[in-house]
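A.B. asks: Here it is: the structure, laid out below.
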Amino acid sequence: IKSDGYIDRAESDLKSYFLQGAYVNGNTLIKALAFGGHEITYQAWNGIDAETLANDRTFNPSGIYFDEEGEIQFYDNEVDNYKQDHYQLHWNQRYNNTWSTNLGLNYTYGRGYFEQYKEDEDFSDYDLEPIMLGGETIDVTDLIRRRWLDNDFYVINLSATYKKEAINLQFGGSYSSYDGDHFGEIIWAQFASNSEIRDNYYDGNGLKKDMSLFAKSTYRLNDKVSLYGDLQMRFVDYSTSGLTSDRVNLVVDENYSFFNPKAGITYKLCDKTQLYFSFARANREPSRSDFESNIDIKPEQLNDFELGWRHNSEKFSFNANAYYMLYNEQLVLTGAIDDVGTPIRTNSGESYRLGLELEAAIQLSKQFAVQPNIAFSSNKNKKTILSRDGQLVNLGKTNISFSPEVVAANAIVFQPNKNVQVSFLSKFVGEQFMGNSDSKVSKLDSYFVNDLNLTYTLETNSFFKTITFTGLVNNIFNEKYVSNGYYFTYDDTWSDPGVTTTIEGAGYYPQATTNFLLGVALKF
């Protein structure tokens, strides 16, 4: 996939592969898979302010620098360059009509970097020593740096399934190990000081080991009622060593033990209609980037209650699902991003999400189908305390960041025959806040976009069994909208000495106007 990008210079070059081999013999199925990809993408994570959005919405500040004449230039290789390869082996064995087992092995190798041109960087930030040049002490330099990731991920999954009449029982476990190296190098500098080629100006490592055991079962009590249960124990060991990219020592040594139960009941009103209720508890640990922004960050716990109604018939299906998600220390986005565009999260104390999801599929005729869905939700932090103008302020209940109250979509599908399909796709996303303080500065407007998708399959008797042509026209009405951004605050203590004033700001990621994607799939 290649694109010149909608945002200035935000071109992309992506390549991927997929290979699969299978061995089948009676009740034995063994699959071996290899897949991966390589992406080179010009950076565009800085976003733009409101004024630039209004006047030059495709402007990209990434890679900007000033030459010796003071003219603005853009570094041509301000890119992400990352590769990832997956190797998997799956063995499914069926012993009889009652018992079967699954074994899965996975290894993932990822490596890559992002490259940046930086002006007037302090030597001390790169472990460089000041130099004397023409009787003058030099301790800053323009440079080009690469920040690297080099990671290995191993996984083993094992499960057994027992099926007999009214009961379906599955149990097993998994173990994974992630070993990730983080390091940086200077590949060019105006003044190289005491650096050597391929020196690392920071080195860090993250090691995460994750083991889980589970048992889940579905039991049909009678023709009307079935029960579902799922128990999982999860043990996570996470440790880090070395320096962050800001050359700050990051030492994390955390051990988490999570118990994640789930239970549900389904009641069959008739052959086509069901009611269900479920409860689930889930826990989530912080990530490395969370610890980098707050070493004392806590894991998140969720209690989820859901009540639903399902109806399925030949020409009409309808699902309604109501949920109440009660969080303790939810890891919510603050709205801010770090210096490499990673969203920063924090714990929010007690919070909840209350919502209703509706979706349907209606077959109007043999050629026409309509597939609408809509979700209504209320997403709240129960108490938000923050610093404003040098004082702690209790804002009470506020909206959770990046959580619109209304999201809706629809697909109108026309299929005149089995080889041709035309789909008109629509999506609406309501207004939302990019922070947790309900600040007007952090508000993202609602947007409504429409896409058109076409597929045509040509059946042949030649080397290729089928040739499928695809065409996707995104945002066909040329809507200028923003789907994401960031929000930040900082304290101004120098404009008026003795007075602290909180300054707010926002950045935006404008989305592309009308664009298209063409493809061909060859099957043989």
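Please note that chains go A, B, ... in the order of the structure tokens, that every chain numbers its residues from 1, and that ligands are numbered from 1 in the order shown.
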Residues within 10 Å of Tyr487 (chain A), please, as a PDB file with all heavy atoms, in the first residue's frame. Count only C-alpha atoms; anything in the same chain fewer than 3 positions from it doesn't count.
C.D. replies:
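Saved as selection_5.pdb:
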ATOM      1  N   THR A 334      -5.746  11.399  29.374  1.00  0.00           N
ATOM      2  CA  THR A 334      -5.776  12.762  29.906  1.00  0.00           C
ATOM      3  C   THR A 334      -6.033  13.782  28.802  1.00  0.00           C
ATOM      4  O   THR A 334      -6.408  14.918  29.082  1.00  0.00           O
ATOM      5  CB  THR A 334      -4.445  13.113  30.577  1.00  0.00           C
ATOM      6  OG1 THR A 334      -3.399  13.107  29.590  1.00  0.00           O
ATOM      7  CG2 THR A 334      -4.107  12.109  31.671  1.00  0.00           C
ATOM      8  N   GLY A 335      -5.820  13.378  27.556  1.00  0.00           N
ATOM      9  CA  GLY A 335      -5.887  14.301  26.425  1.00  0.00           C
ATOM     10  C   GLY A 335      -4.508  14.710  25.953  1.00  0.00           C
ATOM     11  O   GLY A 335      -4.326  15.085  24.788  1.00  0.00           O
ATOM     12  N   ALA A 336      -3.515  14.658  26.853  1.00  0.00           N
ATOM     13  CA  ALA A 336      -2.152  15.053  26.497  1.00  0.00           C
ATOM     14  C   ALA A 336      -1.431  13.919  25.786  1.00  0.00           C
ATOM     15  O   ALA A 336      -1.817  12.748  25.883  1.00  0.00           O
ATOM     16  CB  ALA A 336      -1.385  15.460  27.752  1.00  0.00           C
ATOM     17  N   ILE A 337      -0.380  14.275  25.057  1.00  0.00           N
ATOM     18  CA  ILE A 337       0.480  13.294  24.410  1.00  0.00           C
ATOM     19  C   ILE A 337       1.924  13.590  24.807  1.00  0.00           C
ATOM     20  O   ILE A 337       2.259  14.704  25.190  1.00  0.00           O
ATOM     21  CB  ILE A 337       0.336  13.307  22.874  1.00  0.00           C
ATOM     22  CG1 ILE A 337       0.659  14.703  22.316  1.00  0.00           C
ATOM     23  CG2 ILE A 337      -1.061  12.876  22.458  1.00  0.00           C
ATOM     24  CD1 ILE A 337       0.643  14.784  20.794  1.00  0.00           C
ATOM     25  N   SER A 401     -12.918  11.454  28.853  1.00  0.00           N
ATOM     26  CA  SER A 401     -12.336  11.920  27.595  1.00  0.00           C
ATOM     27  C   SER A 401     -12.585  10.934  26.454  1.00  0.00           C
ATOM     28  O   SER A 401     -12.680   9.722  26.666  1.00  0.00           O
ATOM     29  CB  SER A 401     -10.826  12.120  27.770  1.00  0.00           C
ATOM     30  OG  SER A 401     -10.206  10.896  28.130  1.00  0.00           O
ATOM     31  N   PHE A 433     -15.202  15.283  24.380  1.00  0.00           N
ATOM     32  CA  PHE A 433     -14.147  16.083  24.996  1.00  0.00           C
ATOM     33  C   PHE A 433     -12.833  15.315  24.930  1.00  0.00           C
ATOM     34  O   PHE A 433     -12.795  14.105  25.122  1.00  0.00           O
ATOM     35  CB  PHE A 433     -14.480  16.408  26.451  1.00  0.00           C
ATOM     36  CG  PHE A 433     -15.649  17.332  26.623  1.00  0.00           C
ATOM     37  CD1 PHE A 433     -16.923  16.832  26.850  1.00  0.00           C
ATOM     38  CD2 PHE A 433     -15.476  18.705  26.549  1.00  0.00           C
ATOM     39  CE1 PHE A 433     -18.007  17.675  27.010  1.00  0.00           C
ATOM     40  CE2 PHE A 433     -16.558  19.563  26.703  1.00  0.00           C
ATOM     41  CZ  PHE A 433     -17.821  19.052  26.933  1.00  0.00           C
ATOM     42  N   MET A 434     -11.731  16.038  24.689  1.00  0.00           N
ATOM     43  CA  MET A 434     -10.418  15.409  24.646  1.00  0.00           C
ATOM     44  C   MET A 434      -9.750  15.372  26.017  1.00  0.00           C
ATOM     45  O   MET A 434      -8.670  14.807  26.162  1.00  0.00           O
ATOM     46  CB  MET A 434      -9.522  16.129  23.640  1.00  0.00           C
ATOM     47  CG  MET A 434     -10.010  16.034  22.205  1.00  0.00           C
ATOM     48  SD  MET A 434      -8.864  16.759  21.011  1.00  0.00           S
ATOM     49  CE  MET A 434      -9.008  18.518  21.387  1.00  0.00           C
ATOM     50  N   GLY A 435     -10.355  15.983  27.027  1.00  0.00           N
ATOM     51  CA  GLY A 435      -9.860  15.943  28.392  1.00  0.00           C
ATOM     52  C   GLY A 435     -10.981  15.528  29.323  1.00  0.00           C
ATOM     53  O   GLY A 435     -12.102  15.221  28.894  1.00  0.00           O
ATOM     54  N   ASN A 436     -10.706  15.544  30.615  1.00  0.00           N
ATOM     55  CA  ASN A 436     -11.676  15.099  31.613  1.00  0.00           C
ATOM     56  C   ASN A 436     -12.224  16.239  32.462  1.00  0.00           C
ATOM     57  O   ASN A 436     -12.812  15.994  33.514  1.00  0.00           O
ATOM     58  CB  ASN A 436     -11.012  14.048  32.520  1.00  0.00           C
ATOM     59  CG  ASN A 436     -10.621  12.802  31.767  1.00  0.00           C
ATOM     60  OD1 ASN A 436     -11.451  11.941  31.493  1.00  0.00           O
ATOM     61  ND2 ASN A 436      -9.345  12.687  31.420  1.00  0.00           N
ATOM     62  N   SER A 439     -13.742  21.079  29.552  1.00  0.00           N
ATOM     63  CA  SER A 439     -13.337  22.376  29.042  1.00  0.00           C
ATOM     64  C   SER A 439     -13.780  22.540  27.589  1.00  0.00           C
ATOM     65  O   SER A 439     -13.643  21.619  26.778  1.00  0.00           O
ATOM     66  CB  SER A 439     -11.811  22.516  29.133  1.00  0.00           C
ATOM     67  OG  SER A 439     -11.367  23.641  28.419  1.00  0.00           O
ATOM     68  N   VAL A 441     -12.308  24.240  25.432  1.00  0.00           N
ATOM     69  CA  VAL A 441     -11.112  24.177  24.592  1.00  0.00           C
ATOM     70  C   VAL A 441     -10.860  22.758  24.117  1.00  0.00           C
ATOM     71  O   VAL A 441     -10.308  22.533  23.040  1.00  0.00           O
ATOM     72  CB  VAL A 441      -9.896  24.722  25.374  1.00  0.00           C
ATOM     73  CG1 VAL A 441      -8.605  24.579  24.570  1.00  0.00           C
ATOM     74  CG2 VAL A 441     -10.117  26.183  25.748  1.00  0.00           C
ATOM     75  N   SER A 442     -11.272  21.773  24.900  1.00  0.00           N
ATOM     76  CA  SER A 442     -10.988  20.374  24.585  1.00  0.00           C
ATOM     77  C   SER A 442     -12.079  19.692  23.764  1.00  0.00           C
ATOM     78  O   SER A 442     -11.992  18.489  23.514  1.00  0.00           O
ATOM     79  CB  SER A 442     -10.780  19.589  25.883  1.00  0.00           C
ATOM     80  OG  SER A 442     -12.021  19.396  26.560  1.00  0.00           O
ATOM     81  N   LYS A 443     -13.106  20.437  23.350  1.00  0.00           N
ATOM     82  CA  LYS A 443     -14.249  19.797  22.672  1.00  0.00           C
ATOM     83  C   LYS A 443     -13.944  19.526  21.199  1.00  0.00           C
ATOM     84  O   LYS A 443     -13.425  20.373  20.485  1.00  0.00           O
ATOM     85  CB  LYS A 443     -15.497  20.666  22.785  1.00  0.00           C
ATOM     86  CG  LYS A 443     -16.741  20.028  22.148  1.00  0.00           C
ATOM     87  CD  LYS A 443     -17.973  20.899  22.298  1.00  0.00           C
ATOM     88  CE  LYS A 443     -18.471  20.881  23.722  1.00  0.00           C
ATOM     89  NZ  LYS A 443     -19.793  21.563  23.831  1.00  0.00           N
ATOM     90  N   GLU A 504      -4.626  26.765  28.674  1.00  0.00           N
ATOM     91  CA  GLU A 504      -5.152  25.587  27.998  1.00  0.00           C
ATOM     92  C   GLU A 504      -4.831  25.658  26.502  1.00  0.00           C
ATOM     93  O   GLU A 504      -4.739  26.741  25.923  1.00  0.00           O
ATOM     94  CB  GLU A 504      -6.666  25.489  28.166  1.00  0.00           C
ATOM     95  CG  GLU A 504      -7.146  25.354  29.592  1.00  0.00           C
ATOM     96  CD  GLU A 504      -8.665  25.335  29.637  1.00  0.00           C
ATOM     97  OE1 GLU A 504      -9.256  26.432  29.595  1.00  0.00           O
ATOM     98  OE2 GLU A 504      -9.242  24.240  29.676  1.00  0.00           O
ATOM     99  N   GLY A 505      -4.695  24.505  25.908  1.00  0.00           N
ATOM    100  CA  GLY A 505      -4.470  24.454  24.473  1.00  0.00           C
ATOM    101  C   GLY A 505      -4.914  23.127  23.906  1.00  0.00           C
ATOM    102  O   GLY A 505      -5.157  22.158  24.639  1.00  0.00           O
ATOM    103  N   ALA A 506      -5.024  23.080  22.583  1.00  0.00           N
ATOM    104  CA  ALA A 506      -5.461  21.850  21.920  1.00  0.00           C
ATOM    105  C   ALA A 506      -4.777  21.719  20.575  1.00  0.00           C
ATOM    106  O   ALA A 506      -4.388  22.712  19.951  1.00  0.00           O
ATOM    107  CB  ALA A 506      -6.987  21.847  21.739  1.00  0.00           C
ATOM    108  N   GLY A 507      -4.605  20.487  20.158  1.00  0.00           N
ATOM    109  CA  GLY A 507      -4.093  20.185  18.830  1.00  0.00           C
ATOM    110  C   GLY A 507      -5.065  19.253  18.120  1.00  0.00           C
ATOM    111  O   GLY A 507      -5.831  18.525  18.765  1.00  0.00           O
ATOM    112  N   TYR A 508      -5.046  19.300  16.789  1.00  0.00           N
ATOM    113  CA  TYR A 508      -6.048  18.564  16.026  1.00  0.00           C
ATOM    114  C   TYR A 508      -5.391  17.731  14.918  1.00  0.00           C
ATOM    115  O   TYR A 508      -4.359  18.121  14.362  1.00  0.00           O
ATOM    116  CB  TYR A 508      -7.058  19.531  15.401  1.00  0.00           C
ATOM    117  CG  TYR A 508      -7.742  20.411  16.422  1.00  0.00           C
ATOM    118  CD1 TYR A 508      -7.241  21.686  16.706  1.00  0.00           C
ATOM    119  CD2 TYR A 508      -8.858  19.972  17.114  1.00  0.00           C
ATOM    120  CE1 TYR A 508      -7.857  22.493  17.652  1.00  0.00           C
ATOM    121  CE2 TYR A 508      -9.481  20.778  18.065  1.00  0.00           C
ATOM    122  CZ  TYR A 508      -8.976  22.033  18.327  1.00  0.00           C
ATOM    123  OH  TYR A 508      -9.579  22.826  19.262  1.00  0.00           O
TER     124      TYR A 508
END
A.B. asks: Which polymer residues have any atom within 10 Å of an atom of Asp338 (chain A), counting only C-alpha atoms, with same-chain residues fewer than 4 positions away left out, as a ChimeraX atom specification?
C.D. replies: /A:46,289,292-293,342-344
A.B. asks: May I have the residues from that selection written out with all heavy atoms, as a tab-separated table (two decimals), in the first residue's frame?
C.D. replies:
chain	number	residue	atom	x	y	z
A	46	ASN	N	2.29	15.46	15.45
A	46	ASN	CA	2.30	16.73	16.17
A	46	ASN	C	0.96	17.45	16.14
A	46	ASN	O	0.66	18.25	17.02
A	46	ASN	CB	3.39	17.65	15.60
A	46	ASN	CG	4.78	17.12	15.87
A	46	ASN	OD1	5.25	17.15	16.99
A	46	ASN	ND2	5.43	16.59	14.84
A	289	SER	N	4.46	3.01	28.81
A	289	SER	CA	4.29	4.46	28.65
A	289	SER	C	3.53	5.06	29.84
A	289	SER	O	3.75	6.22	30.20
A	289	SER	CB	3.57	4.77	27.34
A	289	SER	OG	2.29	4.15	27.30
A	292	GLU	N	6.09	5.58	32.50
A	292	GLU	CA	6.98	6.69	32.16
A	292	GLU	C	6.38	8.03	32.56
A	292	GLU	O	7.09	8.96	32.95
A	292	GLU	CB	7.29	6.67	30.67
A	292	GLU	CG	8.24	5.56	30.24
A	292	GLU	CD	8.61	5.65	28.78
A	292	GLU	OE1	8.04	6.50	28.07
A	292	GLU	OE2	9.45	4.86	28.33
A	293	SER	N	5.05	8.15	32.46
A	293	SER	CA	4.40	9.41	32.82
A	293	SER	C	4.00	9.47	34.29
A	293	SER	O	3.83	10.56	34.84
A	293	SER	CB	3.15	9.63	31.94
A	293	SER	OG	2.22	8.57	32.11
A	342	THR	N	2.53	9.58	21.85
A	342	THR	CA	1.80	8.55	22.59
A	342	THR	C	0.83	9.19	23.56
A	342	THR	O	1.22	10.06	24.35
A	342	THR	CB	2.78	7.66	23.37
A	342	THR	OG1	3.71	7.07	22.47
A	342	THR	CG2	2.04	6.56	24.12
A	343	PRO	N	-0.46	8.79	23.56
A	343	PRO	CA	-1.41	9.36	24.51
A	343	PRO	C	-1.02	9.03	25.95
A	343	PRO	O	-0.56	7.93	26.25
A	343	PRO	CB	-2.73	8.68	24.13
A	343	PRO	CG	-2.55	8.22	22.72
A	343	PRO	CD	-1.09	7.87	22.60
A	344	ILE	N	-1.21	9.99	26.84
A	344	ILE	CA	-0.89	9.82	28.26
A	344	ILE	C	-2.17	9.49	29.02
A	344	ILE	O	-3.20	10.14	28.85
A	344	ILE	CB	-0.24	11.10	28.81
A	344	ILE	CG1	1.11	11.33	28.13
A	344	ILE	CG2	-0.06	11.01	30.32
A	344	ILE	CD1	1.77	12.64	28.51
A.B. asks: Taking 4 positions as the minimum chain separation for residues in the same chain, which residues sit within 6 Å of region 177-188 of chain A when counting only C-alpha atoms? Answer as a ChimeraX atom specification.
C.D. replies: /A:143-154,199-209
A.B. asks: As a ChimeraX atom specification, please: every residue in region 166-414 of chain A that DSSP puts in alpha helix (DSSP H).
C.D. replies: /A:288-293
A.B. asks: Can I get the selection written as a PDB file, in the first residue's frame, with C-alpha atoms?
C.D. replies:
ATOM      1  CA  ARG A 288       5.365   1.031  29.920  1.00  0.00           C
ATOM      2  CA  SER A 289       4.286   4.459  28.651  1.00  0.00           C
ATOM      3  CA  ASP A 290       1.946   4.744  31.670  1.00  0.00           C
ATOM      4  CA  PHE A 291       4.853   4.172  34.056  1.00  0.00           C
ATOM      5  CA  GLU A 292       6.978   6.689  32.163  1.00  0.00           C
ATOM      6  CA  SER A 293       4.400   9.408  32.817  1.00  0.00           C
TER       7      SER A 293
END
A.B. asks: Counting only C-alpha atoms, which residues of region 225-259 of chain A sit at most 10 Å from some atom of region 272-276 of chain A, and what is each one's closest atom pair with its distance in Å to one decimal, listed by chain and rising residue number, as a Markdown table?
C.D. replies:
| residue | atom | partner | partner_atom | distance |
| --- | --- | --- | --- | --- |
| A:Val225 | CA | A:Gln274 | CA | 9.6 |
| A:Ser226 | CA | A:Tyr276 | CA | 9.5 |
| A:Leu227 | CA | A:Tyr276 | CA | 9.6 |
A.B. asks: Distance table requested - region 78-130 of chain A against region 15-36 of chain A, cut-off 6 Å, only C-alpha atoms: one row per qualifying residue with the closest atom pair and its distance in Å to one decimal, ordered by chain and rising residue number, as CSV.
C.D. replies:
residue,atom,partner,partner_atom,distance
A:Gln84,CA,A:Gly36,CA,5.4
A:Asp85,CA,A:Gly36,CA,4.2
A:His86,CA,A:Phe35,CA,5.3
A:Tyr87,CA,A:Ala34,CA,4.7
A:Gln88,CA,A:Leu33,CA,5.1
A:Leu89,CA,A:Ala32,CA,4.6
A:His90,CA,A:Lys31,CA,5.1
A:Trp91,CA,A:Ile30,CA,4.5
A:Asn92,CA,A:Leu29,CA,5.1
A:Gln93,CA,A:Thr28,CA,4.9
A:Arg94,CA,A:Asn27,CA,5.0
A.B. asks: Give me the residues within 8 Å of Asp230 (chain A) as a ChimeraX atom specification, counting only C-alpha atoms and dropping any in the same chain fewer than 3 places off.
C.D. replies: /A:214-217,261-263
A.B. asks: Let's have the selection written as a tab-separated table (two decimals), in the first residue's frame, with N, CA, C and O atoms.
C.D. replies:
chain	number	residue	atom	x	y	z
A	214	PHE	N	-7.62	-20.76	32.79
A	214	PHE	CA	-9.04	-20.47	32.65
A	214	PHE	C	-9.85	-21.76	32.56
A	214	PHE	O	-9.34	-22.84	32.20
A	215	ALA	N	-11.11	-21.62	32.89
A	215	ALA	CA	-12.10	-22.68	32.69
A	215	ALA	C	-13.42	-22.00	32.38
A	215	ALA	O	-13.83	-21.08	33.10
A	216	LYS	N	-14.08	-22.42	31.31
A	216	LYS	CA	-15.37	-21.84	30.96
A	216	LYS	C	-16.30	-22.93	30.46
A	216	LYS	O	-15.86	-23.94	29.88
A	217	SER	N	-17.57	-22.71	30.70
A	217	SER	CA	-18.54	-23.75	30.38
A	217	SER	C	-19.88	-23.13	30.01
A	217	SER	O	-20.26	-22.09	30.53
A	261	PRO	N	-13.75	-13.21	36.69
A	261	PRO	CA	-14.90	-14.12	36.51
A	261	PRO	C	-15.95	-13.53	35.56
A	261	PRO	O	-16.05	-12.31	35.41
A	262	LYS	N	-16.71	-14.40	34.94
A	262	LYS	CA	-17.83	-13.99	34.10
A	262	LYS	C	-18.92	-15.04	34.20
A	262	LYS	O	-18.64	-16.24	34.21
A	263	ALA	N	-20.16	-14.58	34.27
A	263	ALA	CA	-21.29	-15.50	34.35
A	263	ALA	C	-22.47	-14.90	33.60
A	263	ALA	O	-22.62	-13.67	33.55
A.B. asks: With only C-alpha atoms as the atoms that count, which of A:Asn410, A:Pro510, A:Tyr447, A:Glu300 lies nearest to Asp56 (chain A)?
C.D. replies: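 The answer is A:Pro510, which sits nearest to Asp56 (chain A).
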A.B. asks: Run DSSP on the backbone and tell me which residues of region 277-319 of chain A come out as strand (DSSP E); list them as a PyMOL selection string.
C.D. replies: chain A and resi 277-284+300-312+316-319
A.B. asks: Take the selection from the previous step and output its residues with C-alpha atoms, as a PDB file, in the first residue's frame.
C.D. replies:
ATOM      1  CA  PHE A 277     -27.935 -11.244  31.209  1.00  0.00           C
ATOM      2  CA  SER A 278     -24.252 -11.345  32.132  1.00  0.00           C
ATOM      3  CA  PHE A 279     -21.784 -10.078  34.682  1.00  0.00           C
ATOM      4  CA  ALA A 280     -18.032  -9.869  34.144  1.00  0.00           C
ATOM      5  CA  ARG A 281     -15.060  -8.539  36.048  1.00  0.00           C
ATOM      6  CA  ALA A 282     -11.920  -7.553  34.170  1.00  0.00           C
ATOM      7  CA  ASN A 283      -8.591  -6.107  35.232  1.00  0.00           C
ATOM      8  CA  ARG A 284      -5.967  -4.308  33.170  1.00  0.00           C
ATOM      9  CA  GLU A 300      -7.741  -0.741  36.323  1.00  0.00           C
ATOM     10  CA  GLN A 301     -10.706  -2.832  37.472  1.00  0.00           C
ATOM     11  CA  LEU A 302     -14.034  -3.121  35.661  1.00  0.00           C
ATOM     12  CA  ASN A 303     -17.366  -4.625  36.741  1.00  0.00           C
ATOM     13  CA  ASP A 304     -19.584  -5.008  33.690  1.00  0.00           C
ATOM     14  CA  PHE A 305     -23.335  -5.731  33.775  1.00  0.00           C
ATOM     15  CA  GLU A 306     -25.128  -6.412  30.487  1.00  0.00           C
ATOM     16  CA  LEU A 307     -28.758  -7.137  29.593  1.00  0.00           C
ATOM     17  CA  GLY A 308     -29.769  -7.927  26.044  1.00  0.00           C
ATOM     18  CA  TRP A 309     -32.385  -9.130  23.592  1.00  0.00           C
ATOM     19  CA  ARG A 310     -31.638 -10.941  20.316  1.00  0.00           C
ATOM     20  CA  HIS A 311     -33.967 -11.764  17.452  1.00  0.00           C
ATOM     21  CA  ASN A 312     -32.875 -13.614  14.315  1.00  0.00           C
ATOM     22  CA  PHE A 316     -34.731  -9.549   9.921  1.00  0.00           C
ATOM     23  CA  SER A 317     -32.366  -9.608  12.860  1.00  0.00           C
ATOM     24  CA  PHE A 318     -32.237  -7.209  15.772  1.00  0.00           C
ATOM     25  CA  ASN A 319     -29.980  -6.958  18.821  1.00  0.00           C
TER      26      ASN A 319
END
